[in-house]
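A.B. asks: File name coords27.cif; file contents mmCIF, C-alpha atoms (C1' of nucleotides) and all ligand atoms; full text below.
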```
data_coords
#
loop_
_atom_site.label_atom_id
_atom_site.label_comp_id
_atom_site.auth_asym_id
_atom_site.auth_seq_id
_atom_site.Cartn_x
_atom_site.Cartn_y
_atom_site.Cartn_z
CA MET A 848 35.30 45.76 -27.73
CA ASN A 849 34.80 48.86 -25.67
CA LEU A 850 32.59 51.82 -25.19
CA THR A 851 34.07 55.22 -25.86
CA LYS A 852 35.53 57.21 -23.01
CA THR A 853 32.68 59.66 -23.41
CA THR A 854 30.09 56.92 -22.95
CA SER A 855 31.93 55.71 -19.92
CA TYR A 856 31.90 59.24 -18.50
CA SER A 857 28.15 59.47 -19.08
CA LEU A 858 27.47 56.17 -17.39
CA ASN A 859 29.71 57.20 -14.55
CA VAL A 860 27.91 60.51 -14.05
CA LEU A 861 24.40 59.16 -14.30
CA ASN A 862 25.22 56.23 -12.08
CA TYR A 863 26.63 58.56 -9.45
CA MET A 864 23.58 60.78 -9.63
CA ALA A 865 21.33 57.76 -9.35
CA GLN A 866 23.09 56.74 -6.19
CA ASN A 867 22.94 60.24 -4.75
CA ARG A 868 19.59 61.58 -5.72
CA GLU A 869 19.30 63.75 -2.63
CA VAL A 870 21.88 66.23 -3.98
CA ILE A 871 21.51 68.61 -6.87
CA CYS A 872 24.69 67.87 -8.74
CA SER A 873 26.57 70.78 -10.25
CA ALA A 874 29.24 70.20 -12.85
CA ASN A 875 31.80 71.34 -10.36
CA TYR A 876 30.60 68.92 -7.70
CA LEU A 877 30.60 65.99 -10.10
CA HIS A 878 34.01 67.01 -11.34
CA GLU A 879 35.41 66.80 -7.83
CA LYS A 880 33.69 63.52 -7.07
CA LEU A 881 34.40 61.74 -10.33
CA LYS A 882 37.57 63.42 -11.57
CA ILE A 883 36.19 63.91 -15.06
CA PRO A 884 37.76 66.90 -16.85
CA HIS A 885 35.67 69.88 -15.86
CA GLN A 886 34.83 71.54 -19.14
CA TYR A 887 34.35 68.30 -20.97
CA LEU A 888 32.01 67.20 -18.22
CA ARG A 889 30.02 70.38 -18.62
CA GLN A 890 29.53 69.76 -22.32
CA LEU A 891 28.52 66.25 -21.56
CA LEU A 892 25.98 67.30 -18.94
CA THR A 893 24.47 69.80 -21.34
CA LYS A 894 24.15 67.02 -23.89
CA LEU A 895 22.51 64.71 -21.37
CA SER A 896 20.09 67.55 -20.63
CA LYS A 897 19.25 68.00 -24.27
CA ASP A 898 18.75 64.29 -24.62
CA GLY A 899 16.20 64.37 -21.82
CA PHE A 900 17.90 62.32 -19.13
CA ILE A 901 18.44 65.18 -16.73
CA HIS A 902 17.19 68.71 -16.18
CA SER A 903 19.37 71.72 -15.50
CA THR A 904 18.78 74.75 -13.34
CA ARG A 905 21.05 77.71 -13.86
CA GLY A 906 22.36 80.25 -11.42
CA ARG A 907 23.74 79.85 -7.92
CA ASN A 908 22.82 76.53 -6.33
CA GLY A 909 21.91 75.30 -9.77
CA GLY A 910 22.87 71.97 -11.20
CA PHE A 911 21.35 68.82 -12.57
CA VAL A 912 18.69 66.39 -11.44
CA PHE A 913 17.00 63.53 -13.24
CA SER A 914 14.10 64.52 -15.40
CA LYS A 915 12.57 61.06 -15.28
CA LYS A 916 12.56 57.99 -13.07
CA ILE A 917 15.87 56.19 -13.00
CA SER A 918 13.97 52.95 -13.49
CA GLU A 919 13.10 54.29 -16.92
CA ILE A 920 16.63 55.10 -18.00
CA PHE A 921 18.18 52.05 -19.60
CA LEU A 922 21.86 51.61 -20.27
CA ALA A 923 21.16 51.22 -23.98
CA ASP A 924 19.54 54.68 -23.98
CA ILE A 925 22.66 56.25 -22.57
CA ILE A 926 24.95 54.46 -24.99
CA GLU A 927 22.66 55.38 -27.86
CA SER A 928 22.89 59.02 -26.85
CA THR A 929 26.68 59.19 -26.72
CA GLU A 930 27.92 56.82 -29.38
CA GLY A 931 24.95 55.07 -30.89
CA LEU A 932 24.24 51.36 -30.88
CA ASP A 933 25.15 50.83 -34.51
CA SER A 934 28.46 49.21 -33.74
CA PHE A 935 26.57 46.43 -31.97
CA ASN A 936 24.72 45.61 -35.14
CA LYS A 937 27.62 44.89 -37.41
CA CYS A 938 29.64 41.83 -38.30
CA MET A 939 31.79 40.94 -35.36
CA LEU A 940 34.79 40.62 -37.63
CA GLY A 941 34.35 44.09 -39.00
CA PHE A 942 33.47 43.06 -42.54
CA SER A 943 31.12 45.49 -44.19
CA ASP A 944 30.56 43.06 -47.03
CA CYS A 945 30.60 39.53 -45.68
CA PRO A 946 33.23 37.64 -47.67
CA PHE A 947 31.54 34.28 -47.19
CA ASP A 948 28.93 32.82 -49.44
CA SER A 949 26.90 31.45 -46.62
CA LYS A 950 28.36 31.99 -43.17
CA CYS A 951 31.66 31.76 -41.40
CA ALA A 952 32.17 29.79 -38.22
CA MET A 953 31.63 32.86 -36.07
CA HIS A 954 28.32 34.04 -37.42
CA ASP A 955 25.77 32.22 -35.32
CA PHE A 956 27.81 32.68 -32.22
CA TRP A 957 28.01 36.37 -32.79
CA VAL A 958 24.37 36.93 -33.66
CA ASP A 959 23.47 35.15 -30.46
CA THR A 960 25.98 36.94 -28.26
CA ARG A 961 25.11 40.31 -29.67
CA GLU A 962 21.45 39.73 -29.01
CA ARG A 963 22.14 38.79 -25.42
CA ILE A 964 24.23 41.91 -24.86
CA ILE A 965 21.79 44.30 -26.47
CA ASN A 966 18.93 42.72 -24.59
CA GLU A 967 20.81 43.14 -21.34
CA LEU A 968 21.59 46.78 -22.07
CA LYS A 969 18.02 47.49 -23.06
CA THR A 970 16.54 45.98 -19.91
CA LYS A 971 18.97 47.11 -17.24
CA SER A 972 18.14 50.54 -15.88
CA LEU A 973 20.14 52.84 -13.66
CA GLU A 974 17.96 51.65 -10.81
CA ASP A 975 18.84 48.04 -11.50
CA LEU A 976 22.53 48.84 -11.21
CA ILE A 977 22.03 50.10 -7.66
CA LEU A 978 19.60 47.50 -6.37
CA LYS A 979 22.27 44.87 -5.94
CA LYS A 980 24.47 47.26 -3.95
CA MET B 958 31.62 47.48 -28.99
CA ASN B 959 33.77 47.24 -32.03
CA LEU B 960 37.16 46.33 -33.29
CA THR B 961 39.26 49.10 -34.76
CA LYS B 962 39.24 49.67 -38.48
CA THR B 963 42.84 48.49 -38.58
CA THR B 964 41.94 45.18 -36.92
CA SER B 965 39.12 44.75 -39.39
CA TYR B 966 41.54 45.36 -42.25
CA SER B 967 43.92 42.74 -40.85
CA LEU B 968 41.19 40.16 -40.50
CA ASN B 969 40.01 40.96 -43.97
CA VAL B 970 43.46 40.53 -45.48
CA LEU B 971 44.37 37.35 -43.65
CA ASN B 972 40.99 35.85 -44.33
CA TYR B 973 41.33 36.59 -48.02
CA MET B 974 44.80 35.09 -48.10
CA ALA B 975 43.53 32.02 -46.27
CA GLN B 976 40.89 31.54 -48.91
CA ASN B 977 43.34 32.04 -51.74
CA ARG B 978 46.49 30.33 -50.66
CA GLU B 979 47.54 29.46 -54.18
CA VAL B 980 48.46 33.07 -54.96
CA ILE B 981 51.37 35.06 -53.60
CA CYS B 982 49.57 38.21 -52.53
CA SER B 983 51.28 41.50 -53.18
CA ALA B 984 50.09 44.65 -51.47
CA ASN B 985 48.92 45.92 -54.80
CA TYR B 986 46.92 42.79 -55.54
CA LEU B 987 45.25 42.84 -52.14
CA HIS B 988 44.56 46.52 -52.51
CA GLU B 989 42.67 45.89 -55.72
CA LYS B 990 40.78 42.94 -54.31
CA LEU B 991 39.89 44.39 -50.94
CA LYS B 992 39.84 48.14 -51.57
CA ILE B 993 41.95 48.88 -48.54
CA PRO B 994 43.98 52.11 -48.90
CA HIS B 995 47.19 51.07 -50.60
CA GLN B 996 49.88 52.59 -48.44
CA TYR B 997 48.08 51.88 -45.24
CA LEU B 998 47.70 48.29 -46.34
CA ARG B 999 51.41 48.08 -46.99
CA GLN B 1000 52.23 49.23 -43.48
CA LEU B 1001 49.77 46.75 -42.15
CA LEU B 1002 51.25 43.88 -44.14
CA THR B 1003 54.71 44.74 -42.94
CA LYS B 1004 53.40 44.67 -39.38
CA LEU B 1005 51.76 41.31 -39.92
CA SER B 1006 55.11 40.08 -41.23
CA LYS B 1007 56.95 41.32 -38.19
CA ASP B 1008 54.37 39.71 -35.98
CA GLY B 1009 55.02 36.37 -37.65
CA PHE B 1010 51.73 35.67 -39.39
CA ILE B 1011 53.05 36.05 -42.91
CA HIS B 1012 56.37 36.09 -44.71
CA SER B 1013 57.38 38.62 -47.32
CA THR B 1014 59.52 38.27 -50.42
CA ARG B 1015 60.79 41.42 -52.04
CA GLY B 1016 61.36 42.27 -55.65
CA ARG B 1017 59.40 41.49 -58.75
CA ASN B 1018 56.79 38.78 -58.20
CA GLY B 1019 57.26 39.27 -54.51
CA GLY B 1020 54.49 39.46 -51.98
CA PHE B 1021 53.20 37.73 -48.92
CA VAL B 1022 52.39 34.16 -47.95
CA PHE B 1023 51.54 32.60 -44.62
CA SER B 1024 54.49 31.70 -42.49
CA LYS B 1025 52.55 29.14 -40.50
CA LYS B 1026 49.51 26.92 -40.85
CA ILE B 1027 46.27 28.84 -40.97
CA SER B 1028 44.88 26.36 -38.48
CA GLU B 1029 47.36 27.81 -36.02
CA ILE B 1030 46.40 31.44 -36.47
CA PHE B 1031 43.58 32.28 -34.11
CA LEU B 1032 41.44 35.35 -34.36
CA ALA B 1033 42.53 36.42 -30.90
CA ASP B 1034 46.15 36.42 -32.10
CA ILE B 1035 45.32 38.82 -34.89
CA ILE B 1036 43.33 41.13 -32.64
CA GLU B 1037 46.09 41.02 -30.07
CA SER B 1038 48.58 42.08 -32.74
CA THR B 1039 46.63 45.09 -33.95
CA GLU B 1040 44.82 46.47 -30.93
CA GLY B 1041 45.46 44.17 -28.00
CA LEU B 1042 42.90 42.21 -26.03
CA ASP B 1043 43.01 44.47 -23.01
CA SER B 1044 39.73 46.16 -23.78
CA PHE B 1045 38.03 42.78 -23.39
CA ASN B 1046 39.26 42.52 -19.84
CA LYS B 1047 37.74 45.66 -18.42
CA CYS B 1048 34.47 46.54 -16.77
CA MET B 1049 31.77 46.52 -19.40
CA LEU B 1050 30.54 49.87 -18.21
CA GLY B 1051 33.92 51.47 -18.57
CA PHE B 1052 34.53 52.08 -14.89
CA SER B 1053 38.18 51.90 -14.00
CA ASP B 1054 37.34 51.89 -10.33
CA CYS B 1055 34.15 49.95 -9.78
CA PRO B 1056 31.76 52.32 -7.98
CA PHE B 1057 29.87 49.49 -6.32
CA ASP B 1058 30.74 47.94 -3.00
CA SER B 1059 29.96 44.46 -4.13
CA LYS B 1060 28.66 44.19 -7.67
CA CYS B 1061 26.22 45.87 -9.96
CA ALA B 1062 23.51 44.03 -11.83
CA MET B 1063 25.66 43.71 -14.92
CA HIS B 1064 28.75 42.19 -13.43
CA ASP B 1065 28.10 38.47 -13.59
CA PHE B 1066 26.49 38.76 -16.97
CA TRP B 1067 29.47 40.58 -18.33
CA VAL B 1068 32.12 38.31 -16.83
CA ASP B 1069 30.31 35.38 -18.37
CA THR B 1070 29.77 36.99 -21.78
CA ARG B 1071 33.30 38.22 -22.00
CA GLU B 1072 34.65 34.79 -21.23
CA ARG B 1073 32.54 33.26 -23.96
CA ILE B 1074 33.71 35.81 -26.51
CA ILE B 1075 37.39 35.52 -25.64
CA ASN B 1076 37.16 31.77 -25.66
CA GLU B 1077 35.56 31.87 -29.09
CA LEU B 1078 38.22 34.19 -30.45
CA LYS B 1079 40.99 32.08 -28.99
CA THR B 1080 39.73 28.84 -30.46
CA LYS B 1081 38.56 29.91 -33.92
CA SER B 1082 41.37 29.90 -36.46
CA LEU B 1083 41.49 31.28 -39.97
CA GLU B 1084 40.95 27.74 -41.17
CA ASP B 1085 37.79 27.42 -39.11
CA LEU B 1086 36.35 30.50 -40.77
CA ILE B 1087 36.64 28.88 -44.17
CA LEU B 1088 35.59 25.36 -43.35
CA LYS B 1089 31.93 26.26 -43.07
CA LYS B 1090 32.01 27.96 -46.43
"C1'" DA C 90 22.80 96.50 -6.48
"C1'" DT C 91 26.76 93.53 -6.21
"C1'" DT C 92 28.84 89.41 -6.14
"C1'" DA C 93 29.46 84.45 -6.36
"C1'" DA C 94 28.31 80.38 -8.44
"C1'" DA C 95 25.90 78.06 -11.64
"C1'" DT C 96 24.70 76.64 -16.91
"C1'" DG C 97 24.60 77.85 -22.32
"C1'" DC C 98 27.33 78.39 -26.04
"C1'" DT C 99 31.06 78.24 -29.04
"C1'" DA C 100 35.69 78.65 -30.70
"C1'" DC C 101 39.83 76.68 -30.25
"C1'" DC C 102 43.58 73.18 -28.89
"C1'" DT C 103 45.63 68.24 -28.46
"C1'" DA C 104 46.35 63.35 -29.07
"C1'" DA C 105 45.58 59.29 -31.48
"C1'" DA C 106 43.84 56.67 -35.38
"C1'" DG C 107 43.84 56.47 -40.02
"C1'" DG C 108 45.99 57.60 -44.47
"C1'" DT C 109 49.60 59.54 -48.00
"C1'" DA C 110 54.09 60.33 -50.23
"C1'" DT C 111 58.55 59.13 -51.20
"C1'" DC C 112 63.09 57.31 -51.18
"C1'" DA C 113 65.89 53.18 -50.56
"C1'" DT C 114 66.51 48.39 -51.51
"C1'" DA C 115 65.58 43.78 -53.55
"C1'" DT C 116 64.69 40.69 -57.51
"C1'" DA C 117 62.70 38.55 -61.86
"C1'" DT C 118 62.71 39.17 -66.67
"C1'" DG C 119 63.86 40.81 -71.32
"C1'" DC D 995 72.44 45.87 -67.68
"C1'" DA D 996 68.02 48.20 -67.56
"C1'" DT D 997 63.57 48.15 -66.19
"C1'" DA D 998 59.39 46.99 -63.89
"C1'" DT D 999 57.56 45.56 -59.75
"C1'" DA D 1000 57.97 44.21 -55.31
"C1'" DT D 1001 58.82 45.36 -49.89
"C1'" DG D 1002 61.29 48.33 -45.93
"C1'" DA D 1003 61.32 52.44 -43.69
"C1'" DT D 1004 59.93 56.79 -42.41
"C1'" DA D 1005 58.21 61.40 -42.49
"C1'" DC D 1006 54.29 63.82 -43.00
"C1'" DC D 1007 49.14 64.89 -43.56
"C1'" DT D 1008 43.98 64.42 -42.14
"C1'" DT D 1009 40.15 63.27 -39.35
"C1'" DT D 1010 38.04 62.51 -35.15
"C1'" DA D 1011 37.64 61.89 -30.14
"C1'" DG D 1012 38.80 64.11 -26.26
"C1'" DG D 1013 39.77 68.39 -23.77
"C1'" DT D 1014 40.38 73.68 -22.78
"C1'" DA D 1015 39.16 78.66 -22.53
"C1'" DG D 1016 36.26 82.30 -22.11
"C1'" DC D 1017 32.23 85.18 -22.64
"C1'" DA D 1018 27.14 85.56 -22.01
"C1'" DT D 1019 23.30 84.59 -19.08
"C1'" DT D 1020 20.78 83.11 -14.92
"C1'" DT D 1021 19.88 83.05 -9.97
"C1'" DA D 1022 20.64 83.13 -4.74
"C1'" DA D 1023 22.76 85.38 -1.01
"C1'" DT D 1024 24.44 89.45 1.04
S1 LIG E 1101 29.47 35.10 -41.68
FE1 LIG E 1101 31.28 35.75 -40.49
S2 LIG E 1101 32.21 37.32 -41.77
FE2 LIG E 1101 30.15 37.05 -42.57
S3 LIG E 1101 28.89 38.59 -41.52
FE3 LIG E 1101 28.78 36.69 -40.28
S4 LIG E 1101 30.42 36.91 -38.76
FE4 LIG E 1101 30.83 38.41 -40.38
S1 LIG E 1102 30.13 45.53 -10.69
FE1 LIG E 1102 29.36 46.63 -12.50
S2 LIG E 1102 30.45 48.59 -12.45
FE2 LIG E 1102 31.56 47.20 -11.07
S3 LIG E 1102 33.18 46.28 -12.34
FE3 LIG E 1102 31.41 44.89 -12.42
S4 LIG E 1102 30.27 45.57 -14.25
FE4 LIG E 1102 31.69 47.21 -13.74
#
```
Could you take the file, read its structure, and then write that structure out as structure tokens?
C.D. replies:
Amino acid sequence: MNLTKTTSYSLNVLNYMAQNREVICSANYLHEKLKIPHQYLRQLLTKLSKDGFIHSTRGRNGGFVFSKKISEIFLADIIESTEGLDSFNKCMLGFSDCPFDSKCAMHDFWVDTRERIINELKTKSLEDLILKK
Amino acid sequence: MNLTKTTSYSLNVLNYMAQNREVICSANYLHEKLKIPHQYLRQLLTKLSKDGFIHSTRGRNGGFVFSKKISEIFLADIIESTEGLDSFNKCMLGFSDCPFDSKCAMHDFWVDTRERIINELKTKSLEDLILKK
DNA sequence: ATTAAATGCTACCTAAAGGTATCATATATG
DNA sequence: CATATATGATACCTTTAGGTAGCATTTAAT
């Protein structure tokens, strides 16, 4: 019942950037602020660039800034980019072939819960996270 | 947002055994029925024995049977045994140190959802799964 | 121009989850 | 007793997520 470490890193980075939009964030800067392993963070930032969340500028004073409004970046998008949302769409109990003829006692509960979670992740943007600050 | 493959295997095995309590299940038998890798399954069964869910008998015609009532084995117990429930008790967004002074927009939602899930897992037993069959 | 500081790329390393192989031991049955 | 079929234990292999290293390229400051 958890997101991968990589997803967590991504959320952490993008959330930090959303809260500090006045600075152009270099990998090195983010590394110092967030204590994410430097080289791994760099890979991750490149990936987030490729996936269109942020834009990079190279050379001295370079770094990363958002390439679209943070109100348009939803948590589900970030998760989708790093680990996919597929795991949210499977049987809660991990069965690939459901062993029950009709349903087990968990089924309705899980379908409902899952829907609530996915809906939440699809509607909460990086901006929403901050607003309540 | 998923249980480990090993947890899924465990649930699969114990659920099958709960639905077929008339047979003494050997590792080999379960392997054929559930297509779980044979040796890995054996390790897993031994673990489930040590953790008190099932009891093993060795030798010809040996195998595994429940060592307590299936109405007393809750899904949370099984998950706890294979991967622990700790991941259910963390920030949904994977932050170890919450970066928000008060809360972010997800916090209350997640605390509530998490509680519902854990409660469900702690109250649904192997017997409950079957009853609705 | 030179240098410092940044990203792009890519090959490699490590740790943990998942999976295999094998020997020792137990037991029912012919 | 001999054999077939179980589990116990344990060492090892494989795959994948996570992490490191280093060279090439870009750009600003001097
Ligand atoms: S009925 Fe139960 S086991 Fe089957 S798919 Fe739904 S939650 Fe999974
Ligand atoms: S407020 Fe948000 S980021 Fe902080 S612990 Fe709660 S869910 Fe996580």
A.B. asks: Please identify all protein, DNA and RNA residues within 8 Å of ligand LIG 1101 (chain E), counting all atoms listed in the file, and report them as a ChimeraX atom specification.
C.D. replies: /A:937-947,949-955,957-958 /B:1086
A.B. asks: When the cut-off is 10 Å and we count all atoms listed in the file, which residues of chain D are near chain B, given as a ChimeraX atom specification?
C.D. replies: /D:998-1003
A.B. asks: Hey, can you check how far atom C1' of D:DT1004 sits from atom CA of B:Glu1040?
C.D. replies: 21.6 Å
A.B. asks: So what do you get for atom C1' of D:DT1019 versus atom C1' of C:DA94, distance-wise?
C.D. replies: 12.5 Å
A.B. asks: Find the spatial neighbours of D:DA1005, counting all atoms listed in the file, within a cut-off of 12 Å - ignore same-chain residues fewer than 3 positions away - and output them as a PyMOL selection string.
C.D. replies: chain C and resi 109-112
A.B. asks: Please define a box with edges along x, y and z of the file around all atoms of ligand LIG 1102 (chain E) given in the file, extend it by 4 Å on each side, and return its centre and edge lengths in Å to one decimal, as AutoDock Vina command-line options.
C.D. replies:
```
--center_x 31.3 --center_y 46.7 --center_z -12.5 --size_x 11.8 --size_y 11.7 --size_z 11.6
```
A.B. asks: May I have the residues within 7 Å of stretch 1008-1016 of chain D as a PDB file with C-alpha atoms (C1' of nucleotides), keeping the file's coordinate frame, using all atoms listed in the file and disregarding those fewer than 3 positions away in the same chain?
C.D. replies:
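Produced file selection.pdb, reproduced below:
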```pdb
ATOM      1  CA  GLN A 886      34.830  71.540 -19.140  1.00  0.00           C
ATOM      2  CA  TYR A 887      34.350  68.300 -20.970  1.00  0.00           C
TER       3      TYR A 887
ATOM      4  C1'  DC C 102      43.580  73.180 -28.890  1.00  0.00           C
TER       5       DC C 102
END
```
A.B. asks: So the first atom is atom CA of B:Cys982 and the second is atom CA of B:Val970; what is the distance between them in Å, to one decimal place?
C.D. replies: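 For atom CA of B:Cys982 relative to atom CA of B:Val970, the distance reads 9.6 Å.
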A.B. asks: When distances are computed from all atoms listed in the file, which of B:Asp1058, B:Glu1037, B:Glu1077, B:Glu1072 shows the smallest separation from B:Leu968?
C.D. replies: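 The closest residue to B:Leu968 is B:Glu1037.
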A.B. asks: Each residue of chain C with at least one atom at most 9 Å from chain A should appear once, together with its nearest atom pair and the corresponding distance in Å (one decimal); atoms considered: only C-alpha atoms (C1' of nucleotides); ordering: chain, then increasing residue number; output as CSV.
C.D. replies:
```
residue,atom,partner,partner_atom,distance
C:DA93,C1',A:Arg907,CA,7.5
C:DA94,C1',A:Arg907,CA,4.6
C:DA95,C1',A:Gly906,CA,4.2
C:DT96,C1',A:Arg905,CA,4.9
C:DG97,C1',A:Thr893,CA,8.1
```
A.B. asks: Go through B:Tyr966, B:Phe1066, B:Tyr973, B:Phe1031 and flag the residue nearest ligand LIG 1102 (chain E), using only C-alpha atoms and all ligand atoms for the distances.
C.D. replies: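 Residue with the minimum atom-to-atom distance to ligand LIG 1102 (chain E): B:Phe1066.
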A.B. asks: Using all atoms listed in the file, which residue out of D:DC995, D:DC1017, D:DA1023, D:DC1006 lies closest to C:DT118?
C.D. replies: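 Distance minimum relative to C:DT118 lands on D:DC995.
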A.B. asks: For a quick check of your reading of the model, name the residues lying within 10 Å of the coordinate (22.7, 88.0, -2.1), counting all atoms listed in the file, and write them as a PyMOL selection string.
C.D. replies: (chain C and resi 90-93) or (chain D and resi 1021-1024)
A.B. asks: Using all atoms listed in the file, find the one residue out of B:Asp1085, B:Asp1069, B:Asp1034, B:Asp1008 that sits nearest to chain A.
C.D. replies: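 Ranking B:Asp1085, B:Asp1069, B:Asp1034, B:Asp1008 by distance to chain A, first place goes to B:Asp1085.
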A.B. asks: So which one's closest to chain A, B:Met974, B:Leu1032, B:Leu960, B:Leu991? Using only C-alpha atoms, please.
C.D. replies: B:Leu960
A.B. asks: Give the answer as one residue: which of B:Glu979, B:Ile1087, B:Asn1046, B:Gly1041 has the shortest atom-to-atom distance to ligand LIG 1102 (chain E), using only C-alpha atoms and all ligand atoms?
C.D. replies: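 Using only C-alpha atoms and all ligand atoms, ligand LIG 1102 (chain E) sits closest to B:Asn1046.
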